[in-house]
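Participant: Structure below; questions to follow.
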2 protein chains.
Amino acid sequence: MRTRKKAIVLLSGGMDSATTAAIACKQGYDVHALSFSYGQRQHVELERARLVASALGISDHRVQNIDLRLFGGSALTSDIPVPKERSENEIGNGIPVTYVPARNTVFLSFALAFAESIAAFDLFIGVNAVDYSGYPDCRPEYIEAFERMANLATAAGVEGKGTFTIHTPLIALTKAEIVKKGMELGVDYANTLSCYDPVNGKACGRCDACQLRLKGFREAGVSDPAPYAA
Amino acid sequence: MRTRKKAIVLLSGGMDSATTAAIACKQGYDVHALSFSYGQRQHVELERARLVASALGISDHRVQNIDLRLFGGSALTSDIPVPKERSENEIGNGIPVTYVPARNTVFLSFALAFAESIAAFDLFIGVNAVDYSGYPDCRPEYIEAFERMANLATAAGVEGKGTFTIHTPLIALTKAEIVKKGMELGVDYANTLSCYDPVNGKACGRCDACQLRLKGFREAGVSDPAPYAA
């Protein structure tokens, strides 16, 4: 029997990373999941990430503790209020206060370390550049630059053992297309939480992430099975 | 009075990062230092980093806790023995077991997050590609790829607030030239520890890092003021 190729999937507990993990599993990869405990206010995210991994049969799920609060500067890691009920135009315009400096770079760097240590060469991240919040580290040109750097950074890359690929299966999809894709793959979105500011473990329904998610379900003609606070 | 430009310096407590920090200070930067507690066996390194920062008058010195042991695979983070008394030829040949997967990428990613949060655009790292241990993430082509990625990763880069530069003032120097440079700048090398496997806080004198360091001092015609175990 041929051994399945290993892949690392960054798993946050949100709908995008859950869909990404389901896609990697469907493609036949032996998926190893990586989550972060990073002083985010919504660490209920981590519980959801565990549920998602478990539902997909991913047995190797590691959690890296880091402290992005050490650097401050984001509504997701400090006391800056999360904006609520912004219009579609506002959401699409500029980089919001929920941006965490260099977050995807830090996450992908750890994914790279994990990958190299288990001889995996495929990294999956659920970034999306269509219905997204304007984060610079979700764009294709950023992902390509990271991939190039990764192949120069590592012993595995330099010794020619393989070439690292950063897979971004959602990057060109709308939120509605992501929902449809996930439903096809049997993702249980009730397990996922995309909210920037959950209330007692439930999504607020009003932050940018909730609004983009709800719009996606609406446009896909599916009702969101996740619990909402309001 | 014009405000000094801020810079982030990665500070390990070794001779290279101490020299790099002294160079950044000498160039007039307002230096902010970043160290890591990463489950390394020699966490005495961190105490040395504090001494080095203090001697240079660096008041902002942050320590990020991470756990590279989560991924295993290196003599610096696991129980793999550190090689001792290898010949010059052996040291220069191939990637050694002390290589930590993607370590400089993880370190530079946090430096980037730190930089963006305080509006700094200059990052200093004491990598060296001459008398070095064969780590892929010490080479100029890697540093250039990281720099390019950094400018695509960040709000500051995208919004045109500035351009991130990764400074590697030691990259083309021999260890002897690094020693001479540091002596000129008044670096107290007694504070520094470059050893991969210290014994009671003292350098072992026998690992690759100690051998490269001792050779550097010898060739510079200076005696190494740091204490050695043997």
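Labels used: A, B, ... for chains in the order of the structure tokens, numbers from 1 for residues in each chain, and numbers from 1 for ligands as shown.
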If we count only C-alpha atoms, what is near Ser87 of chain A at a cut-off of 12 Å, once residues fewer than 2 positions away on the same chain are taken out, given as a tab-separated table (two decimals) with N, CA and C atoms, in the first residue's frame?
Facilitator:
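Generated output (out11.tsv):
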```
chain	number	residue	atom	x	y	z
A	83	PRO	N	-15.41	46.28	15.54
A	83	PRO	CA	-16.48	47.04	14.88
A	83	PRO	C	-17.69	46.14	14.59
A	84	LYS	N	-18.89	46.72	14.73
A	84	LYS	CA	-20.12	45.97	14.51
A	84	LYS	C	-20.98	46.64	13.45
A	85	GLU	N	-21.74	45.82	12.75
A	85	GLU	CA	-22.73	46.29	11.78
A	85	GLU	C	-22.20	47.32	10.80
A	89	ASN	N	-19.88	48.07	2.06
A	89	ASN	CA	-18.91	49.00	1.51
A	89	ASN	C	-17.77	49.28	2.51
A	90	GLU	N	-18.15	49.45	3.77
A	90	GLU	CA	-17.14	49.69	4.81
A	90	GLU	C	-16.25	48.45	4.99
A	91	ILE	N	-16.88	47.27	4.98
A	91	ILE	CA	-16.12	46.03	5.19
A	91	ILE	C	-15.08	45.83	4.09
A	92	GLY	N	-15.48	46.17	2.85
A	92	GLY	CA	-14.56	45.95	1.72
A	92	GLY	C	-13.48	47.01	1.58
A	93	ASN	N	-13.52	48.03	2.41
A	93	ASN	CA	-12.69	49.20	2.20
A	93	ASN	C	-11.59	49.35	3.26
A	206	ARG	N	-22.84	40.26	14.30
A	206	ARG	CA	-22.77	41.67	13.92
A	206	ARG	C	-21.39	42.15	13.48
A	207	CYS	N	-20.35	41.38	13.80
A	207	CYS	CA	-19.00	41.81	13.38
A	207	CYS	C	-18.81	41.51	11.89
A	208	ASP	N	-17.71	41.99	11.30
A	208	ASP	CA	-17.46	41.78	9.87
A	208	ASP	C	-17.50	40.28	9.53
A	211	GLN	N	-21.00	38.92	9.56
A	211	GLN	CA	-21.78	39.45	8.44
A	211	GLN	C	-21.39	38.80	7.11
A	212	LEU	N	-20.08	38.60	6.91
A	212	LEU	CA	-19.63	37.94	5.68
A	212	LEU	C	-20.11	36.49	5.65
A	215	LYS	N	-23.98	36.37	5.05
A	215	LYS	CA	-24.24	36.69	3.64
A	215	LYS	C	-23.94	35.48	2.76
```
Participant: Using only C-alpha atoms, find each residue of chain B with at least one atom at most 8 Å away from an atom of chain A; report its shortest atom-to-atom pair and that distance in Å (one decimal), sort the rows by chain and rising residue number, and return the result as a Markdown table.
Facilitator:
```
| residue | atom | partner | partner_atom | distance |
| --- | --- | --- | --- | --- |
| B:Arg62 | CA | A:Leu70 | CA | 7.6 |
| B:Gln64 | CA | A:Asp67 | CA | 6.8 |
| B:Asn65 | CA | A:Ile66 | CA | 6.3 |
| B:Ile66 | CA | A:Ile66 | CA | 5.5 |
| B:Asp67 | CA | A:Gln64 | CA | 6.8 |
| B:Leu70 | CA | A:Gln64 | CA | 7.3 |
| B:Phe71 | CA | A:Phe114 | CA | 5.3 |
| B:Gly72 | CA | A:Ser117 | CA | 6.6 |
| B:Gly73 | CA | A:Ser117 | CA | 5.7 |
| B:Ile95 | CA | A:Ala155 | CA | 6.9 |
| B:Pro101 | CA | A:Ala113 | CA | 4.9 |
| B:Ala102 | CA | A:Ala113 | CA | 4.9 |
| B:Arg103 | CA | A:Ala113 | CA | 7.3 |
| B:Asn104 | CA | A:Ala153 | CA | 8.0 |
| B:Thr105 | CA | A:Ser109 | CA | 5.9 |
| B:Val106 | CA | A:Ser109 | CA | 5.2 |
| B:Ser109 | CA | A:Val106 | CA | 5.2 |
| B:Phe110 | CA | A:Val106 | CA | 6.4 |
| B:Leu112 | CA | A:Ala102 | CA | 6.4 |
| B:Ala113 | CA | A:Ala102 | CA | 4.9 |
| B:Phe114 | CA | A:Phe71 | CA | 5.3 |
| B:Glu116 | CA | A:Pro101 | CA | 6.1 |
| B:Ser117 | CA | A:Gly73 | CA | 5.7 |
| B:Ile118 | CA | A:Phe71 | CA | 8.0 |
| B:Tyr135 | CA | A:Ala155 | CA | 7.4 |
| B:Pro136 | CA | A:Ala153 | CA | 5.6 |
| B:Asp137 | CA | A:Ala153 | CA | 4.7 |
| B:Glu141 | CA | A:Leu152 | CA | 7.1 |
| B:Tyr142 | CA | A:Leu152 | CA | 5.2 |
| B:Ala145 | CA | A:Met149 | CA | 4.9 |
| B:Phe146 | CA | A:Met149 | CA | 5.7 |
| B:Arg148 | CA | A:Ala145 | CA | 6.9 |
| B:Met149 | CA | A:Ala145 | CA | 4.9 |
| B:Leu152 | CA | A:Tyr142 | CA | 5.2 |
| B:Ala153 | CA | A:Asp137 | CA | 4.7 |
| B:Thr154 | CA | A:Pro136 | CA | 5.8 |
| B:Ala155 | CA | A:Pro136 | CA | 6.0 |
| B:Val158 | CA | A:Pro136 | CA | 6.8 |
```
Participant: Grab the residues selected above and save them as an mmCIF file, in the first residue's frame with N, CA and C atoms.
Facilitator:
```cif
data_model
loop_
_atom_site.group_PDB
_atom_site.id
_atom_site.type_symbol
_atom_site.label_atom_id
_atom_site.label_comp_id
_atom_site.auth_asym_id
_atom_site.auth_seq_id
_atom_site.Cartn_x
_atom_site.Cartn_y
_atom_site.Cartn_z
ATOM 1 N N ARG B 62 11.793 42.278 24.715
ATOM 2 C CA ARG B 62 10.650 41.391 24.927
ATOM 3 C C ARG B 62 11.044 39.946 24.669
ATOM 4 N N GLN B 64 9.402 36.290 23.703
ATOM 5 C CA GLN B 64 8.240 35.545 23.225
ATOM 6 C C GLN B 64 8.427 34.066 23.599
ATOM 7 N N ASN B 65 7.424 33.525 24.274
ATOM 8 C CA ASN B 65 7.467 32.093 24.596
ATOM 9 C C ASN B 65 6.854 31.296 23.459
ATOM 10 N N ILE B 66 7.613 30.391 22.920
ATOM 11 C CA ILE B 66 7.055 29.502 21.906
ATOM 12 C C ILE B 66 7.548 28.097 22.231
ATOM 13 N N ASP B 67 7.026 27.128 21.559
ATOM 14 C CA ASP B 67 7.422 25.764 21.887
ATOM 15 C C ASP B 67 7.787 24.996 20.629
ATOM 16 N N LEU B 70 7.273 21.210 20.178
ATOM 17 C CA LEU B 70 6.029 20.643 19.648
ATOM 18 C C LEU B 70 6.296 19.883 18.354
ATOM 19 N N PHE B 71 7.328 20.302 17.634
ATOM 20 C CA PHE B 71 7.616 19.677 16.348
ATOM 21 C C PHE B 71 8.867 18.793 16.377
ATOM 22 N N GLY B 72 9.623 18.839 17.478
ATOM 23 C CA GLY B 72 10.784 17.957 17.620
ATOM 24 C C GLY B 72 11.817 18.131 16.520
ATOM 25 N N GLY B 73 12.669 17.138 16.388
ATOM 26 C CA GLY B 73 13.525 17.042 15.204
ATOM 27 C C GLY B 73 14.864 17.742 15.233
ATOM 28 N N ILE B 95 23.953 19.934 6.466
ATOM 29 C CA ILE B 95 23.128 20.558 7.501
ATOM 30 C C ILE B 95 23.166 19.695 8.756
ATOM 31 N N PRO B 101 14.031 23.113 12.486
ATOM 32 C CA PRO B 101 13.233 23.403 11.301
ATOM 33 C C PRO B 101 12.589 24.794 11.341
ATOM 34 N N ALA B 102 12.873 25.564 10.285
ATOM 35 C CA ALA B 102 12.241 26.867 10.070
ATOM 36 C C ALA B 102 12.435 27.873 11.203
ATOM 37 N N ARG B 103 13.493 27.674 11.997
ATOM 38 C CA ARG B 103 13.653 28.540 13.164
ATOM 39 C C ARG B 103 13.772 30.017 12.825
ATOM 40 N N ASN B 104 14.661 30.374 11.904
ATOM 41 C CA ASN B 104 14.799 31.804 11.603
ATOM 42 C C ASN B 104 13.525 32.378 10.985
ATOM 43 N N THR B 105 12.775 31.546 10.274
ATOM 44 C CA THR B 105 11.508 32.009 9.697
ATOM 45 C C THR B 105 10.504 32.326 10.804
ATOM 46 N N VAL B 106 10.442 31.455 11.802
ATOM 47 C CA VAL B 106 9.561 31.724 12.947
ATOM 48 C C VAL B 106 10.038 32.987 13.678
ATOM 49 N N SER B 109 9.364 36.130 11.656
ATOM 50 C CA SER B 109 7.927 36.409 11.582
ATOM 51 C C SER B 109 7.460 37.176 12.815
ATOM 52 N N PHE B 110 7.942 36.743 13.981
ATOM 53 C CA PHE B 110 7.600 37.478 15.202
ATOM 54 C C PHE B 110 8.245 38.870 15.189
ATOM 55 N N LEU B 112 8.729 40.637 12.646
ATOM 56 C CA LEU B 112 7.897 41.418 11.727
ATOM 57 C C LEU B 112 6.617 41.899 12.426
ATOM 58 N N ALA B 113 5.993 41.000 13.199
ATOM 59 C CA ALA B 113 4.791 41.377 13.949
ATOM 60 C C ALA B 113 5.121 42.499 14.949
ATOM 61 N N PHE B 114 6.249 42.357 15.635
ATOM 62 C CA PHE B 114 6.702 43.351 16.604
ATOM 63 C C PHE B 114 6.942 44.685 15.875
ATOM 64 N N GLU B 116 5.810 45.794 12.989
ATOM 65 C CA GLU B 116 4.603 46.449 12.493
ATOM 66 C C GLU B 116 3.823 47.115 13.628
ATOM 67 N N SER B 117 3.844 46.487 14.802
ATOM 68 C CA SER B 117 3.055 47.032 15.909
ATOM 69 C C SER B 117 3.639 48.315 16.491
ATOM 70 N N ILE B 118 4.938 48.566 16.265
ATOM 71 C CA ILE B 118 5.531 49.815 16.786
ATOM 72 C C ILE B 118 5.997 50.726 15.643
ATOM 73 N N TYR B 135 23.316 26.141 8.019
ATOM 74 C CA TYR B 135 21.865 26.273 8.100
ATOM 75 C C TYR B 135 21.338 27.003 6.859
ATOM 76 N N PRO B 136 20.290 26.455 6.223
ATOM 77 C CA PRO B 136 19.774 27.104 5.006
ATOM 78 C C PRO B 136 19.225 28.507 5.281
ATOM 79 N N ASP B 137 18.684 28.716 6.498
ATOM 80 C CA ASP B 137 18.054 30.004 6.773
ATOM 81 C C ASP B 137 19.043 31.053 7.273
ATOM 82 N N GLU B 141 20.061 34.533 -0.055
ATOM 83 C CA GLU B 141 18.881 34.344 -0.906
ATOM 84 C C GLU B 141 17.634 34.092 -0.060
ATOM 85 N N TYR B 142 17.822 33.450 1.081
ATOM 86 C CA TYR B 142 16.691 33.257 2.005
ATOM 87 C C TYR B 142 16.245 34.602 2.591
ATOM 88 N N ALA B 145 14.309 36.647 0.171
ATOM 89 C CA ALA B 145 12.951 36.119 -0.041
ATOM 90 C C ALA B 145 12.043 36.468 1.137
ATOM 91 N N PHE B 146 12.609 36.436 2.345
ATOM 92 C CA PHE B 146 11.804 36.810 3.510
ATOM 93 C C PHE B 146 11.423 38.284 3.437
ATOM 94 N N ARG B 148 11.077 40.212 0.847
ATOM 95 C CA ARG B 148 10.059 40.413 -0.185
ATOM 96 C C ARG B 148 8.675 40.004 0.341
ATOM 97 N N MET B 149 8.630 38.845 0.989
ATOM 98 C CA MET B 149 7.378 38.352 1.556
ATOM 99 C C MET B 149 6.845 39.330 2.606
ATOM 100 N N LEU B 152 4.806 42.163 1.420
ATOM 101 C CA LEU B 152 3.482 41.802 0.920
ATOM 102 C C LEU B 152 2.554 41.362 2.051
ATOM 103 N N ALA B 153 3.134 41.020 3.199
ATOM 104 C CA ALA B 153 2.374 40.420 4.306
ATOM 105 C C ALA B 153 1.654 41.419 5.174
ATOM 106 N N THR B 154 2.093 42.647 5.155
ATOM 107 C CA THR B 154 1.736 43.572 6.224
ATOM 108 C C THR B 154 0.893 44.755 5.762
ATOM 109 N N ALA B 155 0.082 45.232 6.672
ATOM 110 C CA ALA B 155 -0.695 46.433 6.404
ATOM 111 C C ALA B 155 0.251 47.600 6.114
ATOM 112 N N VAL B 158 1.669 47.261 2.630
ATOM 113 C CA VAL B 158 0.661 47.451 1.589
ATOM 114 C C VAL B 158 0.185 48.897 1.521
#
```
Participant: Tell me which protein, DNA and RNA residues are within 9 Å of Lys5 of chain A, counting only C-alpha atoms, leaving out same-chain ones fewer than 5 positions away, and put them as a list in words.
Facilitator: Gly28, Tyr29, Asp30, Val31, Ala120, Phe121 and Asp122 of chain A
Participant: Residues as selected, N, CA and C atoms, written as a PDB file, in the first residue's frame, can you do that?
Facilitator:
```
ATOM      1  N   GLY A  28      -7.234  13.227  -0.296  1.00  0.00           N
ATOM      2  CA  GLY A  28      -6.488  12.024   0.039  1.00  0.00           C
ATOM      3  C   GLY A  28      -5.258  12.234   0.912  1.00  0.00           C
ATOM      4  N   TYR A  29      -5.048  13.449   1.371  1.00  0.00           N
ATOM      5  CA  TYR A  29      -3.888  13.698   2.232  1.00  0.00           C
ATOM      6  C   TYR A  29      -4.087  13.100   3.626  1.00  0.00           C
ATOM      7  N   ASP A  30      -2.981  12.724   4.215  1.00  0.00           N
ATOM      8  CA  ASP A  30      -2.932  12.370   5.631  1.00  0.00           C
ATOM      9  C   ASP A  30      -2.776  13.710   6.370  1.00  0.00           C
ATOM     10  N   VAL A  31      -3.898  14.207   6.902  1.00  0.00           N
ATOM     11  CA  VAL A  31      -3.914  15.586   7.401  1.00  0.00           C
ATOM     12  C   VAL A  31      -3.477  15.690   8.863  1.00  0.00           C
ATOM     13  N   ALA A 120       6.439  16.570   5.599  1.00  0.00           N
ATOM     14  CA  ALA A 120       5.276  16.954   4.790  1.00  0.00           C
ATOM     15  C   ALA A 120       5.713  18.125   3.917  1.00  0.00           C
ATOM     16  N   PHE A 121       5.125  18.230   2.735  1.00  0.00           N
ATOM     17  CA  PHE A 121       5.488  19.336   1.847  1.00  0.00           C
ATOM     18  C   PHE A 121       4.280  20.139   1.403  1.00  0.00           C
ATOM     19  N   ASP A 122       3.105  19.754   1.906  1.00  0.00           N
ATOM     20  CA  ASP A 122       1.873  20.433   1.499  1.00  0.00           C
ATOM     21  C   ASP A 122       1.241  21.127   2.694  1.00  0.00           C
TER      22      ASP A 122
END
```
Participant: Would you please extract all strand (DSSP E) residues from segment 6-166 of chain B, as assigned by DSSP on the backbone, and give them as an mmCIF file with N, CA and C atoms, in the first residue's frame?
Facilitator:
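As written to disk, selection02.cif reads:
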```
data_model
loop_
_atom_site.group_PDB
_atom_site.id
_atom_site.type_symbol
_atom_site.label_atom_id
_atom_site.label_comp_id
_atom_site.auth_asym_id
_atom_site.auth_seq_id
_atom_site.Cartn_x
_atom_site.Cartn_y
_atom_site.Cartn_z
ATOM 1 N N LYS B 6 13.190 53.470 14.581
ATOM 2 C CA LYS B 6 13.162 52.265 15.415
ATOM 3 C C LYS B 6 13.667 51.053 14.639
ATOM 4 N N ALA B 7 14.287 50.136 15.346
ATOM 5 C CA ALA B 7 14.683 48.863 14.724
ATOM 6 C C ALA B 7 14.416 47.733 15.701
ATOM 7 N N ILE B 8 14.110 46.566 15.144
ATOM 8 C CA ILE B 8 13.983 45.345 15.944
ATOM 9 C C ILE B 8 15.261 44.534 15.756
ATOM 10 N N VAL B 9 15.863 44.104 16.865
ATOM 11 C CA VAL B 9 17.033 43.233 16.765
ATOM 12 C C VAL B 9 16.718 41.898 17.431
ATOM 13 N N LEU B 10 16.921 40.816 16.700
ATOM 14 C CA LEU B 10 16.772 39.475 17.282
ATOM 15 C C LEU B 10 17.999 39.182 18.123
ATOM 16 N N ASP B 30 16.916 53.396 17.330
ATOM 17 C CA ASP B 30 16.273 53.171 18.622
ATOM 18 C C ASP B 30 15.950 51.668 18.646
ATOM 19 N N VAL B 31 16.793 50.895 19.329
ATOM 20 C CA VAL B 31 16.731 49.434 19.217
ATOM 21 C C VAL B 31 15.754 48.805 20.208
ATOM 22 N N HIS B 32 14.887 47.956 19.678
ATOM 23 C CA HIS B 32 13.972 47.143 20.477
ATOM 24 C C HIS B 32 14.382 45.685 20.262
ATOM 25 N N ALA B 33 14.648 44.981 21.356
ATOM 26 C CA ALA B 33 15.197 43.620 21.219
ATOM 27 C C ALA B 33 14.123 42.565 21.427
ATOM 28 N N LEU B 34 14.266 41.470 20.695
ATOM 29 C CA LEU B 34 13.322 40.362 20.804
ATOM 30 C C LEU B 34 14.094 39.052 20.989
ATOM 31 N N SER B 35 13.750 38.343 22.067
ATOM 32 C CA SER B 35 14.342 37.021 22.311
ATOM 33 C C SER B 35 13.229 35.997 22.397
ATOM 34 N N PHE B 36 13.610 34.739 22.369
ATOM 35 C CA PHE B 36 12.640 33.655 22.416
ATOM 36 C C PHE B 36 12.997 32.662 23.501
ATOM 37 N N SER B 37 11.971 32.234 24.185
ATOM 38 C CA SER B 37 12.104 31.097 25.063
ATOM 39 C C SER B 37 11.437 29.972 24.301
ATOM 40 N N ASP B 60 13.777 48.311 25.831
ATOM 41 C CA ASP B 60 12.632 47.484 25.437
ATOM 42 C C ASP B 60 13.142 46.135 24.934
ATOM 43 N N HIS B 61 13.078 45.143 25.797
ATOM 44 C CA HIS B 61 13.544 43.791 25.449
ATOM 45 C C HIS B 61 12.405 42.826 25.759
ATOM 46 N N ARG B 62 11.793 42.278 24.715
ATOM 47 C CA ARG B 62 10.650 41.391 24.927
ATOM 48 C C ARG B 62 11.044 39.946 24.669
ATOM 49 N N VAL B 63 10.386 39.050 25.402
ATOM 50 C CA VAL B 63 10.660 37.618 25.249
ATOM 51 C C VAL B 63 9.372 36.918 24.849
ATOM 52 N N GLN B 64 9.402 36.290 23.703
ATOM 53 C CA GLN B 64 8.240 35.545 23.225
ATOM 54 C C GLN B 64 8.427 34.066 23.599
ATOM 55 N N ASN B 65 7.424 33.525 24.274
ATOM 56 C CA ASN B 65 7.467 32.093 24.596
ATOM 57 C C ASN B 65 6.854 31.296 23.459
ATOM 58 N N ASP B 122 12.881 48.397 10.217
ATOM 59 C CA ASP B 122 14.221 47.828 10.107
ATOM 60 C C ASP B 122 14.387 46.675 11.077
ATOM 61 N N LEU B 123 14.693 45.498 10.533
ATOM 62 C CA LEU B 123 14.863 44.289 11.335
ATOM 63 C C LEU B 123 16.308 43.833 11.196
ATOM 64 N N PHE B 124 16.946 43.542 12.326
ATOM 65 C CA PHE B 124 18.342 43.086 12.315
ATOM 66 C C PHE B 124 18.436 41.643 12.797
ATOM 67 N N THR B 165 13.088 46.336 5.786
ATOM 68 C CA THR B 165 14.426 45.906 5.391
ATOM 69 C C THR B 165 14.952 44.936 6.436
ATOM 70 N N ILE B 166 15.449 43.796 5.976
ATOM 71 C CA ILE B 166 16.104 42.855 6.888
ATOM 72 C C ILE B 166 17.599 43.119 6.796
#
```
Participant: Can you tell me which residues surround Pro198 of chain B at a distance of at most 10 Å, considering only C-alpha atoms, apart from same-chain residues fewer than 5 positions away, and format the answer as JSON, numbers by chain?
Facilitator: {"B": [41, 42, 43, 44, 45, 193, 203, 204, 205, 206, 207, 210, 228, 229]}
Participant: If you keep C-alpha atoms, can you produce a file of those selected residues as an mmCIF file, in the first residue's frame?
Facilitator:
```
data_model
loop_
_atom_site.group_PDB
_atom_site.id
_atom_site.type_symbol
_atom_site.label_atom_id
_atom_site.label_comp_id
_atom_site.auth_asym_id
_atom_site.auth_seq_id
_atom_site.Cartn_x
_atom_site.Cartn_y
_atom_site.Cartn_z
ATOM 1 C CA ARG B 41 18.041 23.168 26.312
ATOM 2 C CA GLN B 42 20.312 26.119 26.940
ATOM 3 C CA HIS B 43 17.818 28.628 28.303
ATOM 4 C CA VAL B 44 20.730 30.205 30.106
ATOM 5 C CA GLU B 45 20.911 31.961 26.692
ATOM 6 C CA LEU B 193 27.231 32.433 25.169
ATOM 7 C CA ALA B 203 30.299 27.003 27.176
ATOM 8 C CA CYS B 204 31.348 23.397 26.451
ATOM 9 C CA GLY B 205 34.168 24.427 24.090
ATOM 10 C CA ARG B 206 33.577 21.367 21.902
ATOM 11 C CA CYS B 207 30.359 21.784 19.893
ATOM 12 C CA CYS B 210 32.079 26.803 20.356
ATOM 13 C CA TYR B 228 34.437 27.643 29.372
ATOM 14 C CA ALA B 229 33.645 24.445 31.225
#
```
Participant: Write out as JSON, numbers by chain all residues of segment 19-158 of chain A that DSSP puts in alpha helix (DSSP H) for this structure's backbone.
Facilitator: {"A": [19, 20, 21, 22, 23, 24, 25, 26, 44, 45, 46, 47, 48, 49, 50, 51, 52, 53, 54, 55, 88, 89, 90, 91, 103, 104, 105, 106, 107, 108, 109, 110, 111, 112, 113, 114, 115, 116, 117, 140, 141, 142, 143, 144, 145, 146, 147, 148, 149, 150, 151, 152, 153, 155, 156, 157, 158]}
Participant: Could you tell me how far atom CA of Ile80 of chain A lies from atom CA of Pro225 of chain A, in Å and to one decimal?
Facilitator: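 About the pair atom CA of Ile80 of chain A and atom CA of Pro225 of chain A: they are 29.2 Å apart.
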Participant: Using Å and a single decimal, report how far atom CA of Thr168 of chain B sits from atom CA of Met183 of chain B.
Facilitator: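 Rounded to one decimal, the two atoms are 18.3 Å apart.
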Participant: Excluding Arg48 of chain B and residues on its chain fewer than 6 positions from it, collect all residues at most 6 Å away from it, counting only C-alpha atoms, and give them as a count of residues only.
Facilitator: 3
